[in-house]
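Report on one structure; see the data block that follows.
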Amino acid sequence: MVGEALMWILFAALLAPAGFVGWAIGHYTGHTKNHTVTVSASARPTTTAAATTAAATTTAAAATGGSAVAAKAIFSGAGCAACHTFKPAGATGKIGPDLDTAPEKDAKKDKMALAAFIKQSIVDPNAYISPGFPKSVMPPNFGSTLGSAKVDELVNYIASDGK
Ligand code: HEC
């Protein structure tokens with residue numbers, strides 16, 4: 001009787017959407033509580049893995065204010081880490097300036113506010129060349145490939161040292 005019910009729950013877990021499984025387990029709990037613990041523990045990973053992952057990501061983003069997590073993903077996804085060192089993103093590239101320290105100095109030399117300088121450096125890299133670094137190596141098209149919303153997230157991320 002119990003074995004049969006277990007089989008049924010597992011079968012449902014494999015085929016039915018997570019919501020239905022939740023209902024089925026809840027339903028089952030009402031009758032025989034002890035066995036439900038085992039069933040739900042084995043059934044959940046297969047059926048609700050996606051939902052769990054999404055929830056974890058959301059929680060992490062909320063805990064840090066959201067934008068830093070998103071910006072770090074943009075930074076890595078756009079390939080910035082290949083050329084730049086930037087500690088908050090765990091980046092160790094050496095082709096371009098160290099973004100932990102260089103933008104502040106270069107913004108002063110270029111007589112610009114930090115955020116405006118960083119934005120210019122991303123969308124129009126050749127407008128100012130950081131001393132000792134090559135011209136026309138940083139791709140000039142991030143403004144169009146990322147779009148202004150993602151560029152702005154990167155600007156905030158770098159200007160605030162990863163916060
Ligand atoms: C192929 C290598 C390469 C990639 C990829 C790259 N950069 Fe650069 N970046 C450079 C180089 C070289 C410079 C220095 C020359 C200059 O000032 O344009 C630079 C300059 C900068 C500067 C100005 C730093 C300063 O102090 O003057 C910022 C900010 C910057 N990059 C951000 C980014 C971001 C954000 C990304 C990803 C969206 C990125 N870079 C991708 C090579 C790269």
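Residues are referred to by chain and number: the chain letter is A, B, ... according to the order shown in the structure tokens, the number counts from 1 in that chain, and ligands are numbered separately from 1 in the order shown.
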
Could you tell me, counting only C-alpha atoms and all ligand atoms, which protein and nucleic acid residues lie no more than 8 Å from ligand 1, written as a compact mmCIF listing (two decimals) with N, CA and C atoms, in the first residue's frame?
# COMPACT_ATOMS: atom_id res chain seq x y z
N ILE A 74 27.58 40.74 -16.53
CA ILE A 74 27.78 41.46 -17.79
C ILE A 74 29.29 41.59 -18.06
N PHE A 75 30.02 41.95 -17.02
CA PHE A 75 31.47 42.11 -17.13
C PHE A 75 32.12 40.84 -17.67
N SER A 76 31.76 39.70 -17.08
CA SER A 76 32.33 38.43 -17.53
C SER A 76 31.82 38.06 -18.91
N ALA A 78 30.77 39.91 -21.36
CA ALA A 78 31.24 40.75 -22.45
C ALA A 78 32.73 40.55 -22.73
N GLY A 79 33.41 39.79 -21.87
CA GLY A 79 34.83 39.50 -22.11
C GLY A 79 35.78 40.54 -21.54
N CYS A 80 35.27 41.45 -20.73
CA CYS A 80 36.12 42.49 -20.13
C CYS A 80 37.26 41.86 -19.33
N ALA A 81 36.97 40.73 -18.68
CA ALA A 81 37.93 40.08 -17.79
C ALA A 81 39.16 39.56 -18.55
N ALA A 82 39.00 39.33 -19.84
CA ALA A 82 40.13 38.82 -20.62
C ALA A 82 41.25 39.86 -20.69
N CYS A 83 40.89 41.13 -20.64
CA CYS A 83 41.88 42.19 -20.81
C CYS A 83 42.12 43.01 -19.54
N HIS A 84 41.19 42.97 -18.61
CA HIS A 84 41.29 43.86 -17.45
C HIS A 84 41.36 43.10 -16.13
N ILE A 95 45.99 43.08 -20.41
CA ILE A 95 46.16 43.81 -21.68
C ILE A 95 45.75 45.27 -21.51
N GLY A 96 44.73 45.51 -20.73
CA GLY A 96 44.28 46.87 -20.46
C GLY A 96 44.59 47.27 -19.02
N PRO A 97 44.27 48.52 -18.63
CA PRO A 97 44.56 49.01 -17.29
C PRO A 97 43.79 48.24 -16.21
N ASP A 98 44.36 48.25 -15.01
CA ASP A 98 43.72 47.66 -13.84
C ASP A 98 42.53 48.56 -13.45
N LEU A 99 41.34 48.03 -13.56
CA LEU A 99 40.15 48.87 -13.32
C LEU A 99 39.90 49.12 -11.83
N THR A 101 42.15 50.62 -10.05
CA THR A 101 42.87 51.85 -9.73
C THR A 101 42.97 52.86 -10.87
N ALA A 102 43.12 52.38 -12.12
CA ALA A 102 43.44 53.28 -13.24
C ALA A 102 42.36 54.32 -13.55
N PRO A 103 41.07 53.96 -13.56
CA PRO A 103 40.07 54.96 -13.99
C PRO A 103 40.09 56.23 -13.15
N GLU A 104 40.31 56.10 -11.84
CA GLU A 104 40.33 57.31 -11.01
C GLU A 104 41.43 58.27 -11.44
N LYS A 105 42.64 57.72 -11.64
CA LYS A 105 43.77 58.56 -12.06
C LYS A 105 43.52 59.14 -13.44
N ASP A 106 43.06 58.30 -14.36
CA ASP A 106 42.89 58.76 -15.74
C ASP A 106 41.74 59.75 -15.87
N ALA A 107 40.70 59.59 -15.04
CA ALA A 107 39.59 60.55 -15.08
C ALA A 107 40.11 61.95 -14.71
N PHE A 117 33.82 59.48 -17.28
CA PHE A 117 35.05 59.00 -17.91
C PHE A 117 34.96 57.51 -18.21
N ILE A 118 34.44 56.74 -17.26
CA ILE A 118 34.34 55.29 -17.46
C ILE A 118 33.39 55.00 -18.62
N LYS A 119 32.29 55.73 -18.67
CA LYS A 119 31.34 55.52 -19.76
C LYS A 119 32.00 55.82 -21.11
N GLN A 120 32.69 56.94 -21.17
CA GLN A 120 33.39 57.29 -22.41
C GLN A 120 34.40 56.19 -22.77
N SER A 121 35.10 55.68 -21.76
CA SER A 121 36.12 54.65 -22.01
C SER A 121 35.52 53.38 -22.58
N ILE A 122 34.26 53.09 -22.22
CA ILE A 122 33.62 51.86 -22.70
C ILE A 122 33.02 52.06 -24.09
N ASP A 124 33.63 54.63 -26.23
CA ASP A 124 34.51 55.29 -27.20
C ASP A 124 35.95 55.20 -26.68
N PRO A 125 36.51 53.98 -26.67
CA PRO A 125 37.79 53.74 -25.97
C PRO A 125 38.94 54.63 -26.46
N ASN A 126 38.91 55.03 -27.72
CA ASN A 126 40.03 55.81 -28.24
C ASN A 126 39.94 57.31 -27.92
N ALA A 127 38.86 57.73 -27.26
CA ALA A 127 38.73 59.14 -26.91
C ALA A 127 39.84 59.55 -25.94
N TYR A 128 40.27 58.62 -25.10
CA TYR A 128 41.38 58.88 -24.17
C TYR A 128 42.12 57.55 -24.04
N ILE A 129 43.43 57.60 -24.23
CA ILE A 129 44.21 56.37 -24.11
C ILE A 129 44.99 56.40 -22.79
N SER A 130 44.76 55.40 -22.00
CA SER A 130 45.46 55.31 -20.72
C SER A 130 46.97 55.18 -20.98
N PRO A 131 47.80 56.03 -20.30
CA PRO A 131 49.24 56.01 -20.56
C PRO A 131 49.85 54.62 -20.43
N PHE A 133 49.28 52.11 -22.45
CA PHE A 133 48.44 51.05 -23.02
C PHE A 133 48.18 51.30 -24.50
N PRO A 134 47.92 50.24 -25.26
CA PRO A 134 47.77 50.39 -26.71
C PRO A 134 46.42 50.98 -27.11
N LYS A 135 46.46 51.76 -28.16
CA LYS A 135 45.25 52.31 -28.77
C LYS A 135 44.59 51.23 -29.64
N SER A 136 43.29 51.36 -29.83
CA SER A 136 42.55 50.49 -30.75
C SER A 136 42.67 49.00 -30.45
N VAL A 137 42.87 48.66 -29.19
CA VAL A 137 42.88 47.25 -28.80
C VAL A 137 41.54 46.92 -28.13
N MET A 138 41.08 47.84 -27.29
CA MET A 138 39.77 47.62 -26.68
C MET A 138 38.70 47.75 -27.76
N PRO A 139 37.80 46.76 -27.87
CA PRO A 139 36.77 46.82 -28.90
C PRO A 139 35.95 48.11 -28.79
N PHE A 142 31.22 48.29 -27.79
CA PHE A 142 30.43 47.82 -26.65
C PHE A 142 29.13 48.61 -26.48
N LEU A 146 26.27 45.92 -26.23
CA LEU A 146 25.67 45.75 -24.89
C LEU A 146 24.38 46.56 -24.74
N VAL A 151 25.63 49.08 -20.33
CA VAL A 151 26.82 49.94 -20.19
C VAL A 151 26.72 50.73 -18.89
N LEU A 154 27.61 48.64 -15.97
CA LEU A 154 29.06 48.46 -15.88
C LEU A 154 29.73 49.72 -15.33
N VAL A 155 29.25 50.88 -15.78
CA VAL A 155 29.82 52.15 -15.32
C VAL A 155 29.67 52.25 -13.79
N ILE A 158 31.98 49.68 -12.00
CA ILE A 158 33.40 50.02 -11.96
C ILE A 158 33.64 51.27 -11.11

Residues flagged alpha helix (DSSP H) by DSSP in stretch 65-133 of chain A, as a ChimeraX atom specification:
/A:67-77,80-83,102-109,114-123

Would you please extract all strand (DSSP E or B) residues from stretch 60-163 of chain A, as assigned by DSSP on the backbone, and give them as a VMD selection string?
chain A and resid 85 to 86 91 to 92

Atom CA of A:Asn141 and atom CA of A:Met112 are how many Å apart?
21.4 Å

So, counting only C-alpha atoms, which residue among A:Lys87, A:Lys72, A:Lys109, A:Lys94 is closest to A:Asn156?
A:Lys72

For A:Gly162, list every protein, DNA or RNA residue within 7 Å, evaluated using only C-alpha atoms, and leave out those in the same chain fewer than 3 positions away; present the list as a list of chain:residue names.
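These residues fall inside the cut-off: A:Ala68, A:Pro88, A:Tyr157, A:Ile158.
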
Please save C-alpha atoms of the selected residues as a compact mmCIF listing (two decimals), in the first residue's frame.
# COMPACT_ATOMS: atom_id res chain seq x y z
CA ALA A 68 26.51 44.15 -8.54
CA PRO A 88 35.28 42.56 -7.54
CA TYR A 157 29.92 48.76 -11.07
CA ILE A 158 33.40 50.02 -11.96

I need the residue nearest A:Ala115 from this list: A:Glu153, A:Ala89, A:Gly77, A:Val69. Use only C-alpha atoms for the distance.
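The shortest atom-to-atom distance to A:Ala115 comes from A:Glu153.
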